[in-house]
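To keep things clear, I will list the structure first and then write my remarks on it.
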Amino acid sequence: MAEDTPVGRRLRNVKNIIIVCSGKGGVGKSSVSTQLALCLRASSPTARVAILDVDLTGPSIPRMLGLDGHPVHQSSDGWVPVYADGSEARLACMSVGFLLKRKEDSVVWRGPKKNAMIRQFLSDVRWGDLDYLVVDTPPGTSDEHLSLVEHLAPVHSRLSAVIVTTPQAVALLDALKCLSFTRATSLPVLGVIENMSGYVCPCCGEISNVFSTGGGEEMAKQEGIPFLGSLPIDTELVTLLDASDAANAEGVTSPSSGEAHSFRLLE
Ligand code: ADP
């Protein structure tokens with residue numbers, strides 16, 4: 001592994017990096033990223049997981065983890081991520097959402113500035129020892145995706161992607177574009193997740209295929225990539241994510257005020 005760059009050195013003790021992407025917005029990519037991170041953390045009592053939100057213009061991970069409005073601090077060894085699980089420190093989070101003065105502020109940046117922010121997230125955050133770093137990306141394949149691959153592929157050998165889609169034909173077509181991006185950049189694909197695949201009635205348990213179903217699995221078969229599974233439309237999930245309660249994030253931690261001073265957004 002050629003790791004002699006600031007990014008490589010910072011991520012030396014991160015075992016796996018999973019980039020979550022989708023061809024389209026609104027298919028549930030951020031929700032899936034959040035659930036993936038929570039599931040990986042729950043997979044073992046010692047699993048250490050972090051989630052990096054590089055959806056710079058529409059960051060939603062802080063809200064989904066109940067961390068909205070939390071400040072980011074800097075220590076002598078870099079920026080300290082926000083922890084979603086108190087003193088356990090097993091689910092760390094970093095997002096541009098933490099850097100905005102008000103959550104309704106917009107980020108209007110061109111590619112070079114986005115690239116600099118992403119490089120800074122990768123090289124300057126105190127990620128520490130991690131089993132998994134899950135990276136939530138914006139919809140489509142844009143500057144953010146290219147920056148990630150350019151910074152990570154040369155320095156990390158366990159880098160891969162998960163593609164999230166819904167079953168409708170329009171979403172699947174865009175998911176194929178995502179797949180084509182991974183092929184063009186030699187990014188290994190772990191597989192496809194079909195989200196919003198059927199609606200389970202909370203009263204009678206009957207399944208209605210609101211957006212049809214099975215398209216993601218069919219696409220995976222045709223493209224020769226693994227199908228990782230499908231997630232139904234779940235009204236409780238919306239309630240939990242909207243109420244910022246996905247992680248039951250009590251006791252959000254921050255470094256002691258003695259060592260901390262405020263994070264500064266890139267000029
Ligand atoms: P994206 O990141 O692809 O833009 P989000 O994860 O922000 O999409 O999800 C968009 C909306 O859909 C959110 O309100 C989220 O709570 C909801 N959502 C996502 N997945 C599901 C699901 N399986 N069941 C119900 N609602 C969902």
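Just remember, in the structure tokens the first chain shown is A, the second B, etc., residues are 1-based per chain, and ligands are 1-based in the order shown.
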
Find the nearest atom pair between each residue of chain A and ligand 1 for residues within 7 Å, count only C-alpha atoms and all ligand atoms, give distances in Å to one decimal, sort rows by chain and ascending number, and present the table as a tab-separated table.
residue	atom	partner	partner_atom_place_in_ligand_line	distance
A:Ser22	CA	ligand 1	3 (O)	6.7
A:Lys24	CA	ligand 1	3 (O)	6.6
A:Gly25	CA	ligand 1	4 (O)	4.0
A:Gly26	CA	ligand 1	4 (O)	3.5
A:Val27	CA	ligand 1	3 (O)	3.9
A:Gly28	CA	ligand 1	6 (O)	3.2
A:Lys29	CA	ligand 1	3 (O)	3.7
A:Ser30	CA	ligand 1	6 (O)	3.7
A:Ser31	CA	ligand 1	6 (O)	3.7
A:Val32	CA	ligand 1	6 (O)	6.4
A:Ser60	CA	ligand 1	7 (O)	6.6
A:Pro139	CA	ligand 1	3 (O)	6.6
A:Asn195	CA	ligand 1	23 (N)	5.4
A:Met196	CA	ligand 1	23 (N)	4.5
A:Leu231	CA	ligand 1	23 (N)	5.4
A:Pro232	CA	ligand 1	23 (N)	5.1
A:Ile233	CA	ligand 1	24 (N)	3.3
A:Asp234	CA	ligand 1	24 (N)	3.9
A:Thr235	CA	ligand 1	25 (C)	5.2
A:Leu237	CA	ligand 1	25 (C)	5.6
A:Val238	CA	ligand 1	16 (O)	3.9
A:Leu241	CA	ligand 1	16 (O)	5.5
A:Asp242	CA	ligand 1	16 (O)	6.4

Could you save those same residues with N, CA and C atoms as a PDB file, in the first residue's frame?
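And here's again35.pdb as it stands now:
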ATOM      1  N   SER A  22     -25.487   6.656  -5.248  1.00  0.00           N
ATOM      2  CA  SER A  22     -26.750   6.369  -5.934  1.00  0.00           C
ATOM      3  C   SER A  22     -26.787   7.234  -7.179  1.00  0.00           C
ATOM      4  N   LYS A  24     -29.479   8.619  -8.359  1.00  0.00           N
ATOM      5  CA  LYS A  24     -30.529   9.633  -8.192  1.00  0.00           C
ATOM      6  C   LYS A  24     -30.632  10.109  -6.752  1.00  0.00           C
ATOM      7  N   GLY A  25     -31.107  11.332  -6.563  1.00  0.00           N
ATOM      8  CA  GLY A  25     -31.388  11.805  -5.215  1.00  0.00           C
ATOM      9  C   GLY A  25     -32.726  11.249  -4.739  1.00  0.00           C
ATOM     10  N   GLY A  26     -32.883  11.141  -3.446  1.00  0.00           N
ATOM     11  CA  GLY A  26     -34.165  10.742  -2.875  1.00  0.00           C
ATOM     12  C   GLY A  26     -34.430   9.252  -2.851  1.00  0.00           C
ATOM     13  N   VAL A  27     -33.432   8.452  -3.246  1.00  0.00           N
ATOM     14  CA  VAL A  27     -33.666   6.996  -3.236  1.00  0.00           C
ATOM     15  C   VAL A  27     -33.347   6.392  -1.865  1.00  0.00           C
ATOM     16  N   GLY A  28     -32.842   7.220  -0.962  1.00  0.00           N
ATOM     17  CA  GLY A  28     -32.577   6.726   0.394  1.00  0.00           C
ATOM     18  C   GLY A  28     -31.108   6.417   0.643  1.00  0.00           C
ATOM     19  N   LYS A  29     -30.219   7.036  -0.127  1.00  0.00           N
ATOM     20  CA  LYS A  29     -28.778   6.760   0.028  1.00  0.00           C
ATOM     21  C   LYS A  29     -28.276   7.135   1.425  1.00  0.00           C
ATOM     22  N   SER A  30     -28.652   8.330   1.896  1.00  0.00           N
ATOM     23  CA  SER A  30     -28.178   8.748   3.225  1.00  0.00           C
ATOM     24  C   SER A  30     -28.797   7.881   4.319  1.00  0.00           C
ATOM     25  N   SER A  31     -30.056   7.516   4.142  1.00  0.00           N
ATOM     26  CA  SER A  31     -30.693   6.631   5.128  1.00  0.00           C
ATOM     27  C   SER A  31     -29.974   5.284   5.155  1.00  0.00           C
ATOM     28  N   VAL A  32     -29.641   4.767   3.976  1.00  0.00           N
ATOM     29  CA  VAL A  32     -28.947   3.478   3.921  1.00  0.00           C
ATOM     30  C   VAL A  32     -27.535   3.604   4.508  1.00  0.00           C
ATOM     31  N   SER A  60     -27.112  15.429   5.249  1.00  0.00           N
ATOM     32  CA  SER A  60     -28.247  15.058   6.110  1.00  0.00           C
ATOM     33  C   SER A  60     -27.869  14.059   7.196  1.00  0.00           C
ATOM     34  N   PRO A 139     -25.947  12.541  -4.782  1.00  0.00           N
ATOM     35  CA  PRO A 139     -26.454  11.705  -5.875  1.00  0.00           C
ATOM     36  C   PRO A 139     -25.651  11.916  -7.156  1.00  0.00           C
ATOM     37  N   ASN A 195     -33.666  -0.080  -2.241  1.00  0.00           N
ATOM     38  CA  ASN A 195     -34.410   0.552  -1.145  1.00  0.00           C
ATOM     39  C   ASN A 195     -35.836   0.853  -1.609  1.00  0.00           C
ATOM     40  N   MET A 196     -36.712   1.033  -0.655  1.00  0.00           N
ATOM     41  CA  MET A 196     -38.134   1.318  -0.911  1.00  0.00           C
ATOM     42  C   MET A 196     -38.737   0.235  -1.796  1.00  0.00           C
ATOM     43  N   LEU A 231     -34.747  -3.271   1.031  1.00  0.00           N
ATOM     44  CA  LEU A 231     -35.325  -2.677   2.241  1.00  0.00           C
ATOM     45  C   LEU A 231     -36.718  -2.171   1.883  1.00  0.00           C
ATOM     46  N   PRO A 232     -37.722  -2.521   2.663  1.00  0.00           N
ATOM     47  CA  PRO A 232     -39.082  -2.045   2.347  1.00  0.00           C
ATOM     48  C   PRO A 232     -39.271  -0.583   2.729  1.00  0.00           C
ATOM     49  N   ILE A 233     -40.337   0.016   2.238  1.00  0.00           N
ATOM     50  CA  ILE A 233     -40.721   1.345   2.721  1.00  0.00           C
ATOM     51  C   ILE A 233     -41.216   1.159   4.150  1.00  0.00           C
ATOM     52  N   ASP A 234     -40.647   1.926   5.046  1.00  0.00           N
ATOM     53  CA  ASP A 234     -40.942   1.724   6.465  1.00  0.00           C
ATOM     54  C   ASP A 234     -41.284   3.081   7.087  1.00  0.00           C
ATOM     55  N   THR A 235     -42.547   3.264   7.427  1.00  0.00           N
ATOM     56  CA  THR A 235     -42.965   4.584   7.930  1.00  0.00           C
ATOM     57  C   THR A 235     -42.276   4.919   9.257  1.00  0.00           C
ATOM     58  N   LEU A 237     -39.230   4.253   9.989  1.00  0.00           N
ATOM     59  CA  LEU A 237     -37.884   4.752   9.676  1.00  0.00           C
ATOM     60  C   LEU A 237     -37.931   6.260   9.419  1.00  0.00           C
ATOM     61  N   VAL A 238     -38.941   6.695   8.640  1.00  0.00           N
ATOM     62  CA  VAL A 238     -39.064   8.131   8.355  1.00  0.00           C
ATOM     63  C   VAL A 238     -39.216   8.898   9.664  1.00  0.00           C
ATOM     64  N   LEU A 241     -35.838   8.928  11.481  1.00  0.00           N
ATOM     65  CA  LEU A 241     -34.821   9.773  10.844  1.00  0.00           C
ATOM     66  C   LEU A 241     -35.201  11.249  10.954  1.00  0.00           C
ATOM     67  N   ASP A 242     -36.493  11.544  10.770  1.00  0.00           N
ATOM     68  CA  ASP A 242     -36.919  12.941  10.860  1.00  0.00           C
ATOM     69  C   ASP A 242     -36.797  13.465  12.286  1.00  0.00           C
TER      70      ASP A 242
END

Once DSSP has gone over the backbone, tell me which residues of range 30-242 of chain A are in strand (DSSP E or B), as number ranges by chain.
-> A: 49-53, 73-75, 78-80, 82-83, 91-95, 125, 130-136, 159-165, 189-194, 199-200, 207-208, 227-230, 233

Preceding selection exported with N, CA and C atoms as a short mmCIF file (atom, residue, chain, number, x, y, z; two decimals), in the first residue's frame:
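Written file, result19.cif:
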data_model
loop_
_atom_site.label_atom_id
_atom_site.label_comp_id
_atom_site.auth_asym_id
_atom_site.auth_seq_id
_atom_site.Cartn_x
_atom_site.Cartn_y
_atom_site.Cartn_z
N VAL A 49 -16.68 2.30 14.04
CA VAL A 49 -17.20 2.72 12.73
C VAL A 49 -17.26 4.24 12.69
N ALA A 50 -17.05 4.81 11.49
CA ALA A 50 -17.25 6.25 11.33
C ALA A 50 -18.03 6.48 10.05
N ILE A 51 -18.70 7.59 10.02
CA ILE A 51 -19.44 7.96 8.80
C ILE A 51 -19.00 9.37 8.40
N LEU A 52 -18.56 9.47 7.15
CA LEU A 52 -18.15 10.76 6.61
C LEU A 52 -19.17 11.18 5.56
N ASP A 53 -19.73 12.37 5.75
CA ASP A 53 -20.78 12.88 4.88
C ASP A 53 -20.14 13.84 3.88
N HIS A 73 -14.61 20.36 16.98
CA HIS A 73 -13.47 20.97 17.66
C HIS A 73 -12.16 20.48 17.07
N GLN A 74 -11.12 21.22 17.39
CA GLN A 74 -9.80 20.85 16.89
C GLN A 74 -8.90 20.52 18.08
N SER A 75 -8.13 19.45 17.93
CA SER A 75 -7.15 19.12 18.97
C SER A 75 -5.77 19.26 18.34
N GLY A 78 -5.49 17.13 15.23
CA GLY A 78 -6.45 17.23 14.14
C GLY A 78 -7.86 17.46 14.64
N TRP A 79 -8.79 17.51 13.69
CA TRP A 79 -10.19 17.77 14.03
C TRP A 79 -10.80 16.54 14.68
N VAL A 80 -11.57 16.77 15.70
CA VAL A 80 -12.18 15.66 16.44
C VAL A 80 -13.58 15.42 15.87
N VAL A 82 -17.49 14.11 15.63
CA VAL A 82 -18.56 14.10 16.63
C VAL A 82 -18.95 12.64 16.86
N TYR A 83 -19.12 12.26 18.12
CA TYR A 83 -19.46 10.87 18.42
C TYR A 83 -20.95 10.74 18.72
N LEU A 91 -19.04 5.22 17.16
CA LEU A 91 -19.63 5.73 15.92
C LEU A 91 -19.31 7.21 15.79
N ALA A 92 -18.32 7.49 14.96
CA ALA A 92 -17.86 8.87 14.77
C ALA A 92 -18.49 9.43 13.51
N CYS A 93 -18.65 10.73 13.47
CA CYS A 93 -19.29 11.36 12.32
C CYS A 93 -18.60 12.68 11.96
N MET A 94 -18.44 12.93 10.68
CA MET A 94 -17.95 14.23 10.23
C MET A 94 -18.77 14.65 9.01
N SER A 95 -19.14 15.92 8.99
CA SER A 95 -19.99 16.41 7.91
C SER A 95 -19.83 17.92 7.78
N VAL A 125 -8.95 14.91 9.86
CA VAL A 125 -9.84 14.46 10.95
C VAL A 125 -9.15 13.32 11.70
N LEU A 130 -10.20 2.30 12.95
CA LEU A 130 -11.59 2.04 12.56
C LEU A 130 -11.68 0.70 11.85
N ASP A 131 -12.78 0.00 12.07
CA ASP A 131 -13.05 -1.19 11.25
C ASP A 131 -13.68 -0.76 9.93
N TYR A 132 -14.55 0.23 10.00
CA TYR A 132 -15.22 0.69 8.77
C TYR A 132 -15.35 2.21 8.76
N LEU A 133 -15.06 2.78 7.62
CA LEU A 133 -15.39 4.19 7.36
C LEU A 133 -16.42 4.18 6.23
N VAL A 134 -17.65 4.59 6.56
CA VAL A 134 -18.72 4.64 5.55
C VAL A 134 -18.78 6.08 5.03
N VAL A 135 -18.78 6.24 3.71
CA VAL A 135 -18.78 7.59 3.14
C VAL A 135 -20.07 7.81 2.35
N ASP A 136 -20.87 8.76 2.82
CA ASP A 136 -22.11 9.10 2.11
C ASP A 136 -21.80 10.18 1.08
N LEU A 159 -10.89 -0.38 -0.44
CA LEU A 159 -11.84 0.68 -0.79
C LEU A 159 -12.88 0.06 -1.72
N SER A 160 -14.17 0.28 -1.43
CA SER A 160 -15.19 -0.31 -2.30
C SER A 160 -16.44 0.56 -2.28
N ALA A 161 -17.38 0.22 -3.14
CA ALA A 161 -18.61 1.02 -3.26
C ALA A 161 -19.85 0.14 -3.08
N VAL A 162 -20.91 0.76 -2.55
CA VAL A 162 -22.23 0.13 -2.51
C VAL A 162 -23.14 1.06 -3.30
N ILE A 163 -23.96 0.49 -4.18
CA ILE A 163 -24.87 1.31 -4.98
C ILE A 163 -26.30 1.13 -4.45
N VAL A 164 -26.94 2.26 -4.16
CA VAL A 164 -28.32 2.21 -3.65
C VAL A 164 -29.25 2.65 -4.78
N THR A 165 -30.32 1.89 -4.96
CA THR A 165 -31.30 2.28 -5.98
C THR A 165 -32.71 1.97 -5.46
N VAL A 189 -16.96 -2.93 -6.55
CA VAL A 189 -18.34 -2.76 -6.08
C VAL A 189 -18.72 -3.92 -5.17
N LEU A 190 -19.12 -3.59 -3.94
CA LEU A 190 -19.56 -4.65 -3.02
C LEU A 190 -20.92 -5.18 -3.45
N GLY A 191 -21.77 -4.30 -3.98
CA GLY A 191 -23.06 -4.77 -4.46
C GLY A 191 -24.10 -3.67 -4.49
N VAL A 192 -25.34 -4.11 -4.79
CA VAL A 192 -26.47 -3.19 -4.94
C VAL A 192 -27.48 -3.42 -3.81
N ILE A 193 -28.02 -2.33 -3.28
CA ILE A 193 -29.11 -2.42 -2.31
C ILE A 193 -30.34 -1.78 -2.94
N GLU A 194 -31.45 -2.52 -2.93
CA GLU A 194 -32.70 -1.95 -3.45
C GLU A 194 -33.50 -1.40 -2.27
N TYR A 199 -44.07 -1.94 0.20
CA TYR A 199 -44.55 -1.29 1.43
C TYR A 199 -45.26 -2.33 2.28
N VAL A 200 -44.78 -2.49 3.49
CA VAL A 200 -45.42 -3.47 4.38
C VAL A 200 -46.45 -2.73 5.22
N ILE A 207 -47.97 -6.81 1.69
CA ILE A 207 -46.92 -6.07 0.98
C ILE A 207 -47.49 -5.50 -0.32
N SER A 208 -47.38 -4.16 -0.50
CA SER A 208 -47.79 -3.54 -1.77
C SER A 208 -46.53 -3.07 -2.47
N PHE A 227 -26.03 -8.83 -5.29
CA PHE A 227 -27.22 -8.13 -4.79
C PHE A 227 -27.20 -8.29 -3.27
N LEU A 228 -27.15 -7.17 -2.57
CA LEU A 228 -26.96 -7.23 -1.11
C LEU A 228 -28.28 -7.34 -0.35
N GLY A 229 -29.40 -6.98 -1.01
CA GLY A 229 -30.68 -7.12 -0.34
C GLY A 229 -31.59 -5.95 -0.60
N SER A 230 -32.83 -6.08 -0.12
CA SER A 230 -33.80 -5.01 -0.34
C SER A 230 -34.37 -4.55 1.00
N ILE A 233 -40.34 0.02 2.24
CA ILE A 233 -40.72 1.34 2.72
C ILE A 233 -41.22 1.16 4.15
#

May I have all residues of range 62-227 of chain A that DSSP, computed from the backbone, assigns to helix (DSSP H, G or I), given as a PyMOL selection string?
-> chain A and resi 62-64+86-88+96-99+111-124+143-152+169-184+215-223

Write out as an mmCIF file with C-alpha atoms, in the first residue's frame which residues come within 9 Å of Gly69 in chain A when counting only C-alpha atoms, dropping same-chain ones fewer than 2 positions away.
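The result, written out as selection_0.cif:
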data_model
loop_
_atom_site.group_PDB
_atom_site.id
_atom_site.type_symbol
_atom_site.label_atom_id
_atom_site.label_comp_id
_atom_site.auth_asym_id
_atom_site.auth_seq_id
_atom_site.Cartn_x
_atom_site.Cartn_y
_atom_site.Cartn_z
ATOM 1 C CA PRO A 62 -25.966 14.898 11.285
ATOM 2 C CA ARG A 63 -29.744 15.164 11.409
ATOM 3 C CA LEU A 67 -26.218 15.372 15.937
ATOM 4 C CA PRO A 71 -19.816 21.943 16.914
ATOM 5 C CA GLY A 97 -23.326 20.196 8.131
ATOM 6 C CA PHE A 98 -21.414 20.729 11.390
ATOM 7 C CA LEU A 99 -19.595 23.694 9.888
ATOM 8 C CA LEU A 100 -22.563 25.768 8.780
ATOM 9 C CA LYS A 101 -23.602 28.687 10.951
ATOM 10 C CA ARG A 102 -27.261 27.841 10.422
ATOM 11 C CA LYS A 103 -28.500 24.523 9.104
#

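Distances to Pro45 in chain A were evaluated for A:Gln120, A:Arg90, A:Glu223, A:Leu152 using only C-alpha atoms, and the minimum falls at A:Arg90.
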
Select, from A:Met219, A:Asp129, A:Met117, A:Cys204, the residue with the minimum atom-to-atom distance to Thr166 in chain A, counting only C-alpha atoms.
-> A:Met219

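The environment of Trp109 in chain A within 12 Å, counting only C-alpha atoms and disregarding residues fewer than 5 places along the same chain, consists of Leu56, Thr57, Lys114, Asn115, Ala116, Met117, Asp143, Glu144, Leu266 and Glu267 of chain A.
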
Export of prior selection with N, CA and C atoms as a tab-separated table (two decimals), in the first residue's frame:
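Output file result26.tsv is given in full below:
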chain	number	residue	atom	x	y	z
A	56	LEU	N	-21.84	17.56	0.16
A	56	LEU	CA	-21.51	18.89	0.65
A	56	LEU	C	-22.66	19.88	0.52
A	57	THR	N	-23.46	19.71	-0.56
A	57	THR	CA	-24.55	20.68	-0.74
A	57	THR	C	-25.84	20.23	-0.06
A	114	LYS	N	-14.55	22.07	-3.31
A	114	LYS	CA	-15.12	20.81	-2.80
A	114	LYS	C	-13.99	19.79	-2.62
A	115	ASN	N	-13.10	19.75	-3.61
A	115	ASN	CA	-11.98	18.81	-3.55
A	115	ASN	C	-11.12	19.09	-2.32
A	116	ALA	N	-10.86	20.38	-2.06
A	116	ALA	CA	-10.03	20.74	-0.90
A	116	ALA	C	-10.71	20.34	0.41
A	117	MET	N	-12.02	20.54	0.46
A	117	MET	CA	-12.76	20.18	1.69
A	117	MET	C	-12.68	18.68	1.92
A	143	ASP	N	-17.99	15.85	-8.81
A	143	ASP	CA	-16.67	16.23	-8.27
A	143	ASP	C	-16.34	15.46	-7.00
A	144	GLU	N	-17.34	15.32	-6.13
A	144	GLU	CA	-17.11	14.69	-4.84
A	144	GLU	C	-16.63	13.25	-5.02
A	266	LEU	N	-12.69	25.87	5.57
A	266	LEU	CA	-11.65	26.27	4.60
A	266	LEU	C	-11.95	27.61	3.99
A	267	GLU	N	-10.93	28.42	3.84
A	267	GLU	CA	-11.14	29.71	3.18
A	267	GLU	C	-11.31	29.46	1.68
